[in-house]
Every structure is written in C-alpha cells, then in structure tokens.
$ cat data03.txt   # compact mmCIF, N, CA and C atoms
# COMPACT_ATOMS: atom_id res chain seq x y z
N ASP A 1 1.29 -1.45 20.53
CA ASP A 1 1.33 0.00 20.39
C ASP A 1 1.31 0.35 18.90
N THR A 2 0.22 0.94 18.43
CA THR A 2 0.09 1.26 17.01
C THR A 2 0.86 2.51 16.61
N SER A 3 1.33 3.31 17.57
CA SER A 3 2.07 4.52 17.20
C SER A 3 3.44 4.16 16.61
N ASN A 4 3.90 2.94 16.81
CA ASN A 4 5.16 2.50 16.22
C ASN A 4 4.99 1.90 14.84
N ARG A 5 3.74 1.82 14.36
CA ARG A 5 3.47 1.21 13.05
C ARG A 5 3.86 2.21 11.96
N THR A 6 4.54 1.72 10.94
CA THR A 6 4.87 2.55 9.79
C THR A 6 4.24 1.95 8.54
N ILE A 7 3.65 2.82 7.75
CA ILE A 7 3.06 2.41 6.48
C ILE A 7 3.65 3.31 5.40
N ASP A 8 4.16 2.67 4.36
CA ASP A 8 4.62 3.41 3.18
C ASP A 8 3.92 2.79 1.98
N VAL A 9 3.41 3.64 1.10
CA VAL A 9 2.72 3.19 -0.09
C VAL A 9 3.52 3.64 -1.30
N ALA A 10 3.84 2.71 -2.17
CA ALA A 10 4.55 3.02 -3.41
C ALA A 10 4.13 2.02 -4.47
N LYS A 11 3.90 2.52 -5.67
CA LYS A 11 3.39 1.71 -6.78
C LYS A 11 2.12 1.01 -6.30
N ASN A 12 2.03 -0.30 -6.42
CA ASN A 12 0.82 -0.99 -5.96
C ASN A 12 1.09 -1.79 -4.69
N VAL A 13 2.04 -1.31 -3.87
CA VAL A 13 2.40 -2.03 -2.65
C VAL A 13 2.28 -1.11 -1.43
N MET A 14 1.64 -1.64 -0.40
CA MET A 14 1.60 -0.97 0.90
C MET A 14 2.52 -1.77 1.81
N SER A 15 3.55 -1.12 2.31
CA SER A 15 4.50 -1.77 3.20
C SER A 15 4.15 -1.41 4.64
N VAL A 16 3.85 -2.41 5.45
CA VAL A 16 3.45 -2.21 6.84
C VAL A 16 4.55 -2.78 7.73
N ASN A 17 5.30 -1.91 8.39
CA ASN A 17 6.45 -2.34 9.20
C ASN A 17 7.34 -3.30 8.44
N GLY A 18 7.52 -3.03 7.14
CA GLY A 18 8.41 -3.85 6.32
C GLY A 18 7.74 -5.02 5.63
N THR A 19 6.49 -5.31 5.95
CA THR A 19 5.76 -6.40 5.30
C THR A 19 4.98 -5.85 4.12
N ALA A 20 5.26 -6.36 2.93
CA ALA A 20 4.63 -5.86 1.71
C ALA A 20 3.25 -6.48 1.49
N VAL A 21 2.28 -5.63 1.14
CA VAL A 21 0.94 -6.07 0.80
C VAL A 21 0.60 -5.41 -0.54
N GLU A 22 0.33 -6.23 -1.55
CA GLU A 22 -0.02 -5.67 -2.85
C GLU A 22 -1.45 -5.16 -2.84
N ILE A 23 -1.68 -4.11 -3.63
CA ILE A 23 -3.02 -3.57 -3.84
C ILE A 23 -3.33 -3.75 -5.32
N PRO A 24 -4.36 -4.49 -5.70
CA PRO A 24 -5.33 -5.17 -4.84
C PRO A 24 -4.76 -6.45 -4.22
N CYS A 25 -5.46 -6.90 -3.17
CA CYS A 25 -5.12 -8.15 -2.50
C CYS A 25 -6.43 -8.78 -2.01
N HIS A 26 -6.36 -9.95 -1.45
CA HIS A 26 -7.56 -10.58 -0.90
C HIS A 26 -7.70 -10.17 0.57
N ILE A 27 -8.90 -10.07 1.05
CA ILE A 27 -9.17 -9.67 2.44
C ILE A 27 -8.46 -10.59 3.43
N ASP A 28 -8.27 -11.84 3.07
CA ASP A 28 -7.58 -12.78 3.97
C ASP A 28 -6.16 -12.32 4.26
N ARG A 29 -5.51 -11.69 3.29
CA ARG A 29 -4.14 -11.20 3.47
C ARG A 29 -4.11 -10.10 4.54
N LEU A 30 -5.05 -9.17 4.48
CA LEU A 30 -5.11 -8.09 5.47
C LEU A 30 -5.53 -8.61 6.83
N SER A 31 -6.46 -9.56 6.86
CA SER A 31 -6.90 -10.14 8.13
C SER A 31 -5.76 -10.87 8.83
N LYS A 32 -4.92 -11.53 8.04
CA LYS A 32 -3.77 -12.23 8.61
C LYS A 32 -2.78 -11.23 9.22
N LEU A 33 -2.62 -10.09 8.57
CA LEU A 33 -1.67 -9.07 9.02
C LEU A 33 -2.21 -8.25 10.20
N PHE A 34 -3.50 -7.86 10.14
CA PHE A 34 -4.06 -6.93 11.13
C PHE A 34 -5.01 -7.56 12.14
N GLY A 35 -5.44 -8.80 11.92
CA GLY A 35 -6.42 -9.43 12.79
C GLY A 35 -7.82 -9.33 12.21
N LYS A 36 -8.78 -9.81 12.98
CA LYS A 36 -10.16 -9.86 12.51
C LYS A 36 -10.78 -8.46 12.50
N PRO A 37 -11.32 -8.03 11.34
CA PRO A 37 -11.95 -6.71 11.24
C PRO A 37 -13.46 -6.75 11.50
N ARG A 38 -14.03 -5.57 11.73
CA ARG A 38 -15.49 -5.42 11.68
C ARG A 38 -15.89 -5.50 10.22
N LYS A 39 -17.08 -6.01 9.95
CA LYS A 39 -17.54 -6.23 8.57
C LYS A 39 -18.86 -5.52 8.33
N PHE A 40 -18.97 -4.84 7.16
CA PHE A 40 -20.19 -4.14 6.77
C PHE A 40 -20.57 -4.57 5.37
N VAL A 41 -21.74 -5.18 5.23
CA VAL A 41 -22.21 -5.62 3.92
C VAL A 41 -23.01 -4.48 3.29
N GLY A 42 -22.68 -4.17 2.02
CA GLY A 42 -23.35 -3.10 1.30
C GLY A 42 -24.81 -3.42 1.02
N ALA A 43 -25.54 -2.41 0.60
CA ALA A 43 -26.98 -2.53 0.36
C ALA A 43 -27.30 -3.60 -0.68
N ASN A 44 -26.45 -3.74 -1.68
CA ASN A 44 -26.72 -4.73 -2.71
C ASN A 44 -26.21 -6.12 -2.35
N GLY A 45 -25.54 -6.23 -1.21
CA GLY A 45 -25.05 -7.52 -0.73
C GLY A 45 -23.76 -7.98 -1.38
N GLY A 46 -23.29 -7.27 -2.41
CA GLY A 46 -22.08 -7.71 -3.10
C GLY A 46 -20.81 -7.08 -2.57
N ASN A 47 -20.87 -5.79 -2.26
CA ASN A 47 -19.68 -5.10 -1.77
C ASN A 47 -19.64 -5.15 -0.25
N VAL A 48 -18.44 -5.35 0.28
CA VAL A 48 -18.27 -5.45 1.72
C VAL A 48 -17.12 -4.54 2.13
N ASN A 49 -17.32 -3.79 3.20
CA ASN A 49 -16.27 -2.96 3.78
C ASN A 49 -15.82 -3.60 5.09
N TYR A 50 -14.54 -3.44 5.40
CA TYR A 50 -13.97 -3.98 6.63
C TYR A 50 -13.22 -2.87 7.35
N THR A 51 -13.26 -2.92 8.68
CA THR A 51 -12.58 -1.90 9.49
C THR A 51 -11.78 -2.55 10.61
N TRP A 52 -10.56 -2.06 10.79
CA TRP A 52 -9.72 -2.45 11.93
C TRP A 52 -9.72 -1.25 12.87
N ASP A 53 -10.63 -1.30 13.85
CA ASP A 53 -10.88 -0.16 14.74
C ASP A 53 -9.66 0.26 15.55
N ASP A 54 -8.85 -0.70 15.95
CA ASP A 54 -7.75 -0.38 16.87
C ASP A 54 -6.53 0.22 16.17
N ILE A 55 -6.50 0.22 14.82
CA ILE A 55 -5.33 0.78 14.12
C ILE A 55 -5.68 1.87 13.11
N GLY A 56 -6.96 2.18 12.92
CA GLY A 56 -7.35 3.28 12.04
C GLY A 56 -7.36 2.96 10.56
N LEU A 57 -7.58 1.70 10.22
CA LEU A 57 -7.61 1.29 8.82
C LEU A 57 -8.97 0.73 8.44
N TYR A 58 -9.31 0.86 7.16
CA TYR A 58 -10.51 0.24 6.61
C TYR A 58 -10.25 -0.08 5.15
N CYS A 59 -11.11 -0.90 4.56
CA CYS A 59 -10.95 -1.23 3.14
C CYS A 59 -12.30 -1.52 2.52
N TYR A 60 -12.31 -1.46 1.19
CA TYR A 60 -13.48 -1.78 0.40
C TYR A 60 -13.17 -3.03 -0.42
N THR A 61 -14.12 -3.96 -0.45
CA THR A 61 -13.96 -5.15 -1.29
C THR A 61 -15.16 -5.28 -2.21
N ARG A 62 -14.97 -6.12 -3.20
CA ARG A 62 -16.08 -6.49 -4.05
C ARG A 62 -16.54 -7.86 -3.57
N GLY A 63 -17.57 -8.42 -4.15
CA GLY A 63 -18.16 -9.67 -3.69
C GLY A 63 -17.20 -10.84 -3.59
N ASN A 64 -16.12 -10.80 -4.31
CA ASN A 64 -15.18 -11.91 -4.31
C ASN A 64 -14.10 -11.79 -3.24
N GLY A 65 -14.19 -10.79 -2.37
CA GLY A 65 -13.22 -10.63 -1.28
C GLY A 65 -11.94 -9.93 -1.69
N VAL A 66 -11.87 -9.42 -2.92
CA VAL A 66 -10.68 -8.71 -3.37
C VAL A 66 -10.76 -7.25 -2.92
N VAL A 67 -9.74 -6.83 -2.18
CA VAL A 67 -9.66 -5.46 -1.67
C VAL A 67 -9.16 -4.57 -2.80
N HIS A 68 -9.98 -3.58 -3.17
CA HIS A 68 -9.58 -2.68 -4.25
C HIS A 68 -9.23 -1.29 -3.74
N CYS A 69 -9.49 -1.02 -2.46
CA CYS A 69 -9.18 0.29 -1.89
C CYS A 69 -8.92 0.13 -0.40
N ILE A 70 -7.83 0.75 0.07
CA ILE A 70 -7.48 0.73 1.49
C ILE A 70 -7.47 2.16 2.00
N GLY A 71 -8.13 2.39 3.12
CA GLY A 71 -8.18 3.72 3.72
C GLY A 71 -7.43 3.76 5.04
N ILE A 72 -6.74 4.86 5.25
CA ILE A 72 -6.00 5.08 6.49
C ILE A 72 -6.52 6.38 7.08
N LYS A 73 -7.16 6.31 8.23
CA LYS A 73 -7.79 7.48 8.86
C LYS A 73 -6.86 8.06 9.91
N VAL A 74 -6.42 9.30 9.69
CA VAL A 74 -5.44 9.96 10.55
C VAL A 74 -6.07 11.07 11.40
N ASN A 75 -7.01 11.80 10.82
CA ASN A 75 -7.69 12.90 11.51
C ASN A 75 -9.19 12.74 11.35
N LYS A 76 -9.94 13.23 12.30
CA LYS A 76 -11.40 13.17 12.22
C LYS A 76 -11.89 14.20 11.22
N GLY A 77 -12.65 13.75 10.23
CA GLY A 77 -13.21 14.63 9.21
C GLY A 77 -14.67 14.96 9.49
N ASP A 78 -15.28 15.71 8.58
CA ASP A 78 -16.69 16.09 8.73
C ASP A 78 -17.64 14.93 8.44
N MET A 79 -17.24 14.09 7.49
CA MET A 79 -18.09 12.97 7.11
C MET A 79 -17.80 11.79 8.03
N GLU A 80 -18.85 11.28 8.68
CA GLU A 80 -18.69 10.09 9.51
C GLU A 80 -19.48 8.96 8.89
N LEU A 81 -18.79 7.88 8.64
CA LEU A 81 -19.40 6.71 8.04
C LEU A 81 -19.44 5.58 9.05
N LYS A 82 -20.38 4.67 8.90
CA LYS A 82 -20.54 3.59 9.88
C LYS A 82 -19.32 2.70 9.96
N TYR A 83 -18.51 2.66 8.90
CA TYR A 83 -17.31 1.83 8.93
C TYR A 83 -16.05 2.62 9.26
N ASP A 84 -16.18 3.89 9.67
CA ASP A 84 -15.01 4.64 10.13
C ASP A 84 -14.39 3.92 11.32
N PRO A 85 -13.05 3.86 11.38
CA PRO A 85 -12.41 3.24 12.54
C PRO A 85 -12.69 4.03 13.82
N LYS A 86 -12.78 3.33 14.92
CA LYS A 86 -13.03 3.99 16.22
C LYS A 86 -11.79 4.70 16.73
N THR A 87 -10.62 4.28 16.26
CA THR A 87 -9.34 4.87 16.66
C THR A 87 -8.65 5.37 15.40
N LEU A 88 -8.01 6.52 15.48
CA LEU A 88 -7.27 7.06 14.35
C LEU A 88 -5.89 6.39 14.24
N PHE A 89 -5.37 6.31 13.03
CA PHE A 89 -4.03 5.80 12.81
C PHE A 89 -3.04 6.76 13.45
N SER A 90 -2.14 6.26 14.28
CA SER A 90 -1.22 7.13 15.01
C SER A 90 0.24 6.87 14.67
N GLY A 91 0.47 6.02 13.69
CA GLY A 91 1.84 5.73 13.30
C GLY A 91 2.36 6.71 12.26
N THR A 92 3.34 6.27 11.50
CA THR A 92 3.94 7.09 10.46
C THR A 92 3.42 6.61 9.11
N LEU A 93 2.87 7.53 8.32
CA LEU A 93 2.33 7.23 7.00
C LEU A 93 3.10 8.04 5.96
N THR A 94 3.66 7.33 4.98
CA THR A 94 4.36 8.00 3.88
C THR A 94 3.89 7.43 2.55
N ILE A 95 4.07 8.22 1.52
CA ILE A 95 3.76 7.79 0.16
C ILE A 95 5.06 7.93 -0.64
N ASN A 96 5.56 6.81 -1.07
CA ASN A 96 6.84 6.75 -1.76
C ASN A 96 7.95 7.41 -0.92
N GLY A 97 7.89 7.18 0.39
CA GLY A 97 8.90 7.69 1.31
C GLY A 97 8.73 9.15 1.71
N MET A 98 7.74 9.84 1.16
CA MET A 98 7.50 11.26 1.45
C MET A 98 6.30 11.41 2.40
N PRO A 99 6.26 12.48 3.20
CA PRO A 99 5.10 12.69 4.07
C PRO A 99 3.80 12.69 3.27
N TRP A 100 2.83 11.94 3.73
CA TRP A 100 1.58 11.76 2.97
C TRP A 100 0.84 13.07 2.75
N GLU A 101 0.82 13.96 3.75
CA GLU A 101 0.07 15.21 3.59
C GLU A 101 0.69 16.09 2.51
N GLN A 102 1.99 16.13 2.43
CA GLN A 102 2.65 16.91 1.38
C GLN A 102 2.34 16.32 0.01
N THR A 103 2.32 14.99 -0.09
CA THR A 103 1.98 14.33 -1.34
C THR A 103 0.57 14.70 -1.77
N MET A 104 -0.37 14.73 -0.83
CA MET A 104 -1.75 15.09 -1.16
C MET A 104 -1.87 16.58 -1.49
N PHE A 105 -1.11 17.43 -0.83
CA PHE A 105 -1.10 18.86 -1.11
C PHE A 105 -0.79 19.13 -2.57
N GLU A 106 0.05 18.29 -3.15
CA GLU A 106 0.46 18.45 -4.55
C GLU A 106 -0.59 17.92 -5.52
N GLY A 107 -1.71 17.43 -5.01
CA GLY A 107 -2.78 16.91 -5.85
C GLY A 107 -3.72 18.00 -6.33
N VAL A 108 -4.89 17.59 -6.79
CA VAL A 108 -5.88 18.48 -7.39
C VAL A 108 -7.10 18.58 -6.47
N ASP A 109 -7.59 19.81 -6.26
CA ASP A 109 -8.80 20.03 -5.48
C ASP A 109 -10.01 19.47 -6.21
N MET A 110 -10.87 18.78 -5.47
CA MET A 110 -12.09 18.21 -6.03
C MET A 110 -13.30 18.92 -5.40
N GLU A 111 -13.63 20.09 -5.92
CA GLU A 111 -14.82 20.86 -5.51
C GLU A 111 -14.81 21.24 -4.04
N GLY A 112 -13.63 21.44 -3.45
CA GLY A 112 -13.53 21.92 -2.08
C GLY A 112 -13.83 20.88 -1.01
N PHE A 113 -14.07 19.64 -1.38
CA PHE A 113 -14.36 18.59 -0.40
C PHE A 113 -13.23 17.59 -0.27
N PHE A 114 -12.59 17.30 -1.40
CA PHE A 114 -11.56 16.28 -1.45
C PHE A 114 -10.34 16.79 -2.22
N ARG A 115 -9.26 16.11 -2.03
CA ARG A 115 -8.05 16.35 -2.82
C ARG A 115 -7.67 15.01 -3.43
N LYS A 116 -7.32 15.00 -4.72
CA LYS A 116 -7.01 13.76 -5.42
C LYS A 116 -5.64 13.87 -6.06
N ARG A 117 -4.92 12.78 -6.02
CA ARG A 117 -3.62 12.72 -6.65
C ARG A 117 -3.43 11.35 -7.25
N GLU A 118 -3.02 11.32 -8.51
CA GLU A 118 -2.62 10.06 -9.13
C GLU A 118 -1.11 10.02 -9.06
N PHE A 119 -0.61 8.91 -8.55
CA PHE A 119 0.81 8.83 -8.23
C PHE A 119 1.28 7.40 -8.39
N ASP A 120 2.22 7.16 -9.27
CA ASP A 120 2.83 5.84 -9.38
C ASP A 120 1.81 4.73 -9.66
N GLY A 121 0.79 5.03 -10.48
CA GLY A 121 -0.23 4.04 -10.79
C GLY A 121 -1.33 3.91 -9.75
N LEU A 122 -1.29 4.78 -8.72
CA LEU A 122 -2.29 4.77 -7.66
C LEU A 122 -3.20 5.98 -7.76
N SER A 123 -4.41 5.82 -7.30
CA SER A 123 -5.33 6.93 -7.11
C SER A 123 -5.41 7.18 -5.62
N LEU A 124 -5.07 8.39 -5.19
CA LEU A 124 -5.07 8.77 -3.78
C LEU A 124 -6.12 9.85 -3.58
N VAL A 125 -7.00 9.66 -2.60
CA VAL A 125 -8.05 10.64 -2.33
C VAL A 125 -8.07 10.94 -0.84
N SER A 126 -8.13 12.24 -0.52
CA SER A 126 -8.21 12.68 0.88
C SER A 126 -9.36 13.65 1.05
N GLU A 127 -10.09 13.51 2.14
CA GLU A 127 -11.14 14.46 2.51
C GLU A 127 -10.48 15.61 3.27
N TYR A 128 -10.92 16.84 2.96
CA TYR A 128 -10.42 17.99 3.71
C TYR A 128 -10.94 17.97 5.15
N VAL A 129 -10.09 18.32 6.09
CA VAL A 129 -10.48 18.57 7.47
C VAL A 129 -10.40 20.07 7.72
N ASP A 130 -9.35 20.70 7.19
CA ASP A 130 -9.13 22.14 7.33
C ASP A 130 -8.67 22.68 5.98
N PHE A 131 -9.61 23.29 5.26
CA PHE A 131 -9.34 23.76 3.90
C PHE A 131 -8.24 24.81 3.87
N GLU A 132 -8.20 25.69 4.88
CA GLU A 132 -7.17 26.74 4.91
C GLU A 132 -5.77 26.14 5.05
N LYS A 133 -5.61 25.12 5.87
CA LYS A 133 -4.30 24.47 6.01
C LYS A 133 -3.91 23.78 4.71
N ALA A 134 -4.90 23.30 3.97
CA ALA A 134 -4.61 22.59 2.72
C ALA A 134 -4.07 23.54 1.65
N ASP A 135 -4.32 24.83 1.79
CA ASP A 135 -3.85 25.79 0.81
C ASP A 135 -2.52 26.42 1.17
N SER A 136 -1.87 25.91 2.18
CA SER A 136 -0.58 26.46 2.60
C SER A 136 0.48 25.37 2.55
N GLU A 137 1.72 25.77 2.64
CA GLU A 137 2.80 24.78 2.67
C GLU A 137 2.76 23.96 3.96
N GLY A 138 2.23 24.55 5.03
CA GLY A 138 2.11 23.83 6.29
C GLY A 138 0.82 23.06 6.34
N CYS A 139 0.71 21.99 5.57
CA CYS A 139 -0.57 21.30 5.37
C CYS A 139 -0.85 20.23 6.43
N ALA A 140 -0.08 20.16 7.49
CA ALA A 140 -0.33 19.17 8.54
C ALA A 140 -1.71 19.40 9.14
N GLY A 141 -2.49 18.34 9.24
CA GLY A 141 -3.84 18.43 9.79
C GLY A 141 -4.90 18.85 8.79
N ALA A 142 -4.54 19.00 7.53
CA ALA A 142 -5.48 19.47 6.52
C ALA A 142 -6.43 18.39 6.02
N TYR A 143 -6.05 17.12 6.14
CA TYR A 143 -6.83 16.02 5.55
C TYR A 143 -7.14 14.96 6.60
N SER A 144 -8.24 14.23 6.36
CA SER A 144 -8.66 13.19 7.31
C SER A 144 -7.79 11.94 7.21
N GLY A 145 -7.24 11.71 6.08
CA GLY A 145 -6.43 10.52 5.82
C GLY A 145 -6.35 10.34 4.33
N VAL A 146 -6.13 9.12 3.91
CA VAL A 146 -6.02 8.87 2.47
C VAL A 146 -6.63 7.51 2.14
N GLU A 147 -7.35 7.48 1.02
CA GLU A 147 -7.85 6.22 0.45
C GLU A 147 -7.00 5.92 -0.76
N ILE A 148 -6.50 4.69 -0.84
CA ILE A 148 -5.54 4.29 -1.84
C ILE A 148 -6.14 3.18 -2.69
N SER A 149 -6.16 3.39 -4.00
CA SER A 149 -6.62 2.34 -4.90
C SER A 149 -5.77 2.38 -6.17
N VAL A 150 -5.77 1.30 -6.93
CA VAL A 150 -5.03 1.24 -8.17
C VAL A 150 -5.85 1.96 -9.24
N CYS A 151 -5.17 2.79 -10.04
CA CYS A 151 -5.86 3.53 -11.13
C CYS A 151 -6.48 2.58 -12.13
$ encode --input "data03.txt" --output "structure tokens"
Amino acid sequence: DTSNRTIDVAKNVMSVNGTAVEIPCHIDRLSKLFGKPRKFVGANGGNVNYTWDDIGLYCYTRGNGVVHCIGIKVNKGDMELKYDPKTLFSGTLTINGMPWEQTMFEGVDMEGFFRKREFDGLSLVSEYVDFEKADSEGCAGAYSGVEISVC
C-alpha cells in the first residue's frame, strides 16, 4: 500500500519511510529501494529517465547512472510525458518536515507555468495544475508534484 509511504526531503537527502537516500545517488540505490523501474533512453543515448509506475516516482540520470533529479508526481498536470508514472504518489510528502505544497507556494513563479524554490541547497520545481489555487494560502492541489535536484 503506497498511501502509507512517507517521503521527506531535506538538504541533499530524501528519506523514504525512514530510509535515507542521498541526492545525487546511483540508480542502483533507487532500484534496490523501489524495485525495477521502466527505462527511457534519451535521444542522444546518454541521458536515461526511470519511472516507478506503481508509486508515482521518476528520476533523471546521466550516462553514468547517477541520478541528479528525482520527481514525485502527486496530481495530474497539463504536460504529459512518456515517462510520467501511471499512478500518482498517494503517500505523505514533506520538505524539511513541512507540507510540500506550502513550501512551493513560498517559491517564485516561472512565467505562469512552474513554481521554483531553492531550499537547503536543493532546487525544487513544480508545474502548476491550478494557477488560482497557487495564488492563495489554500494551495492544496495547485501543483502536479515536485522535481528535486541539488543546486
């Protein structure tokens, strides 16, 4: 049951149900934790994206298998990518112990499509799902999820 999964991101560590995963890490570390992902090789053959469909996670790697960005998909957004997870993340997601949507609300608007926040050495980016909700204190449901990478 993935609804019992908790993820907290702080500094360069993603804690999954208490298990720490550093960002960046090697794809083998995530595969060991989450199981075998779907794999998408980029056009140039060097970059590879991986998706864990059953838990709503995906990541970007470079040719050497080092994961430099982890995405957590919580709501369906306007942009659909071939590596989007088939299932949305249904657990609890926090950033430094705070609700992730509130953390993103405190970020900077990026031309009405994305919201970006640099926090604790991390770059956090969220796609808008509902722009009006993003401009209010009640920002639940405003973003599709968050992509996390080291600044």
$ residues_around --input "data03.txt" --residues "A:Val48" --least-positions-apart "3" --cutoff "8 Å" --atoms "only N, CA and C atoms" --output "JSON, numbers by chain"
{"A": [39, 40, 41, 42, 43, 45, 51, 59, 60, 61, 62, 63, 64, 65]}
$ closest_residue --input "data03.txt" --among "A:Pro85, A:Pro24, A:Gly112, A:Pro99" --to "A:His68" --atoms "only C-alpha atoms"
A:Pro24
$ residues_around --input "data03.txt" --residues "A:Thr92" --least-positions-apart "2" --cutoff "8 Å" --atoms "only N, CA and C atoms" --output "ChimeraX atom specification"
/A:2-8,89-90,94-95,100
$ closest_residue --input "data03.txt" --among "A:Gly56, A:Gly77, A:Gly121, A:Gly71" --to "A:Ile148" --atoms "all atoms listed in the file"
A:Gly71
$ select_by_dssp --input "data03.txt" --residues "stretch 39-144 of chain A" --states "helix (DSSP H, G or I)" --output "VMD selection string"
chain A and resid 100 to 105 131 to 134
$ write_last_selection --input "data03.txt" --atoms "N, CA and C atoms" --output "PDB file, in the frame of the given file"
ATOM      1  N   TRP A 100       2.830  11.940   3.730  1.00  0.00           N
ATOM      2  CA  TRP A 100       1.580  11.760   2.970  1.00  0.00           C
ATOM      3  C   TRP A 100       0.840  13.070   2.750  1.00  0.00           C
ATOM      4  N   GLU A 101       0.820  13.960   3.750  1.00  0.00           N
ATOM      5  CA  GLU A 101       0.070  15.210   3.590  1.00  0.00           C
ATOM      6  C   GLU A 101       0.690  16.090   2.510  1.00  0.00           C
ATOM      7  N   GLN A 102       1.990  16.130   2.430  1.00  0.00           N
ATOM      8  CA  GLN A 102       2.650  16.910   1.380  1.00  0.00           C
ATOM      9  C   GLN A 102       2.340  16.320   0.010  1.00  0.00           C
ATOM     10  N   THR A 103       2.320  14.990  -0.090  1.00  0.00           N
ATOM     11  CA  THR A 103       1.980  14.330  -1.340  1.00  0.00           C
ATOM     12  C   THR A 103       0.570  14.700  -1.770  1.00  0.00           C
ATOM     13  N   MET A 104      -0.370  14.730  -0.830  1.00  0.00           N
ATOM     14  CA  MET A 104      -1.750  15.090  -1.160  1.00  0.00           C
ATOM     15  C   MET A 104      -1.870  16.580  -1.490  1.00  0.00           C
ATOM     16  N   PHE A 105      -1.110  17.430  -0.830  1.00  0.00           N
ATOM     17  CA  PHE A 105      -1.100  18.860  -1.110  1.00  0.00           C
ATOM     18  C   PHE A 105      -0.790  19.130  -2.570  1.00  0.00           C
ATOM     19  N   PHE A 131      -9.610  23.290   5.260  1.00  0.00           N
ATOM     20  CA  PHE A 131      -9.340  23.760   3.900  1.00  0.00           C
ATOM     21  C   PHE A 131      -8.240  24.810   3.870  1.00  0.00           C
ATOM     22  N   GLU A 132      -8.200  25.690   4.880  1.00  0.00           N
ATOM     23  CA  GLU A 132      -7.170  26.740   4.910  1.00  0.00           C
ATOM     24  C   GLU A 132      -5.770  26.140   5.050  1.00  0.00           C
ATOM     25  N   LYS A 133      -5.610  25.120   5.870  1.00  0.00           N
ATOM     26  CA  LYS A 133      -4.300  24.470   6.010  1.00  0.00           C
ATOM     27  C   LYS A 133      -3.910  23.780   4.710  1.00  0.00           C
ATOM     28  N   ALA A 134      -4.900  23.300   3.970  1.00  0.00           N
ATOM     29  CA  ALA A 134      -4.610  22.590   2.720  1.00  0.00           C
ATOM     30  C   ALA A 134      -4.070  23.540   1.650  1.00  0.00           C
TER      31      ALA A 134
END
$ atom_distance --input "data03.txt" --atom1 "atom CA of A:Glu106" --atom2 "atom CA of A:Val21"
25.1 Å
$ atom_distance --input "data03.txt" --atom1 "atom CA of A:Ile23" --atom2 "atom CA of A:Glu127"
20.8 Å
$ select_by_dssp --input "data03.txt" --residues "stretch 24-142 of chain A" --states "strand (DSSP E or B)" --output "NGL selection string"
:A and (25-26 or 38-41 or 48-52 or 57-61 or 66-73 or 92-95 or 98-99 or 108-110 or 114-119 or 122-128)
$ residues_near_point --input "data03.txt" --point "(3.1, -5.8, -6.7)" --cutoff "6 Å" --atoms "all atoms listed in the file" --output "JSON, numbers by chain"
{"A": [12, 13, 22, 23]}
$ closest_residue --input "data03.txt" --among "A:Ile72, A:Met104, A:Tyr128, A:Lys36" --to "A:Met14" --atoms "only C-alpha atoms"
A:Ile72
$ atom_distance --input "data03.txt" --atom1 "atom CA of A:Thr19" --atom2 "atom C of A:Leu93"
14.7 Å
$ closest_residue --input "data03.txt" --among "A:Tyr58, A:Cys69, A:Ala140, A:Asn96" --to "A:Leu81" --atoms "only C-alpha atoms"
A:Tyr58
$ closest_residue --input "data03.txt" --among "A:Cys151, A:Cys139, A:Ala10, A:Val66" --to "A:Leu124" --atoms "only N, CA and C atoms"
A:Cys151
$ decode --input "data03.txt" --residues "stretch 52-64 of chain A" --atoms "N, CA and C atoms" --output "PDB file, in the first residue's frame"
ATOM      1  N   TRP A  52       8.914   4.637 -11.685  1.00  0.00           N
ATOM      2  CA  TRP A  52       8.292   3.610 -10.854  1.00  0.00           C
ATOM      3  C   TRP A  52       6.795   3.894 -10.900  1.00  0.00           C
ATOM      4  N   ASP A  53       6.116   3.200 -11.822  1.00  0.00           N
ATOM      5  CA  ASP A  53       4.702   3.469 -12.112  1.00  0.00           C
ATOM      6  C   ASP A  53       3.780   3.263 -10.920  1.00  0.00           C
ATOM      7  N   ASP A  54       4.085   2.290 -10.083  1.00  0.00           N
ATOM      8  CA  ASP A  54       3.156   1.937  -9.007  1.00  0.00           C
ATOM      9  C   ASP A  54       3.253   2.857  -7.793  1.00  0.00           C
ATOM     10  N   ILE A  55       4.271   3.749  -7.745  1.00  0.00           N
ATOM     11  CA  ILE A  55       4.392   4.639  -6.585  1.00  0.00           C
ATOM     12  C   ILE A  55       4.448   6.122  -6.943  1.00  0.00           C
ATOM     13  N   GLY A  56       4.425   6.467  -8.232  1.00  0.00           N
ATOM     14  CA  GLY A  56       4.372   7.871  -8.632  1.00  0.00           C
ATOM     15  C   GLY A  56       5.700   8.603  -8.613  1.00  0.00           C
ATOM     16  N   LEU A  57       6.794   7.875  -8.798  1.00  0.00           N
ATOM     17  CA  LEU A  57       8.121   8.486  -8.791  1.00  0.00           C
ATOM     18  C   LEU A  57       8.813   8.300 -10.133  1.00  0.00           C
ATOM     19  N   TYR A  58       9.701   9.236 -10.455  1.00  0.00           N
ATOM     20  CA  TYR A  58      10.553   9.115 -11.634  1.00  0.00           C
ATOM     21  C   TYR A  58      11.856   9.842 -11.342  1.00  0.00           C
ATOM     22  N   CYS A  59      12.866   9.605 -12.172  1.00  0.00           N
ATOM     23  CA  CYS A  59      14.143  10.289 -11.981  1.00  0.00           C
ATOM     24  C   CYS A  59      14.845  10.467 -13.315  1.00  0.00           C
ATOM     25  N   TYR A  60      15.802  11.386 -13.312  1.00  0.00           N
ATOM     26  CA  TYR A  60      16.644  11.655 -14.462  1.00  0.00           C
ATOM     27  C   TYR A  60      18.071  11.253 -14.105  1.00  0.00           C
ATOM     28  N   THR A  61      18.737  10.564 -15.029  1.00  0.00           N
ATOM     29  CA  THR A  61      20.141  10.220 -14.825  1.00  0.00           C
ATOM     30  C   THR A  61      20.954  10.713 -16.008  1.00  0.00           C
ATOM     31  N   ARG A  62      22.242  10.735 -15.779  1.00  0.00           N
ATOM     32  CA  ARG A  62      23.162  10.998 -16.870  1.00  0.00           C
ATOM     33  C   ARG A  62      23.714   9.645 -17.304  1.00  0.00           C
ATOM     34  N   GLY A  63      24.543   9.598 -18.309  1.00  0.00           N
ATOM     35  CA  GLY A  63      25.038   8.347 -18.869  1.00  0.00           C
ATOM     36  C   GLY A  63      25.706   7.408 -17.883  1.00  0.00           C
ATOM     37  N   ASN A  64      26.192   7.933 -16.790  1.00  0.00           N
ATOM     38  CA  ASN A  64      26.899   7.098 -15.822  1.00  0.00           C
ATOM     39  C   ASN A  64      25.978   6.497 -14.761  1.00  0.00           C
TER      40      ASN A  64
END
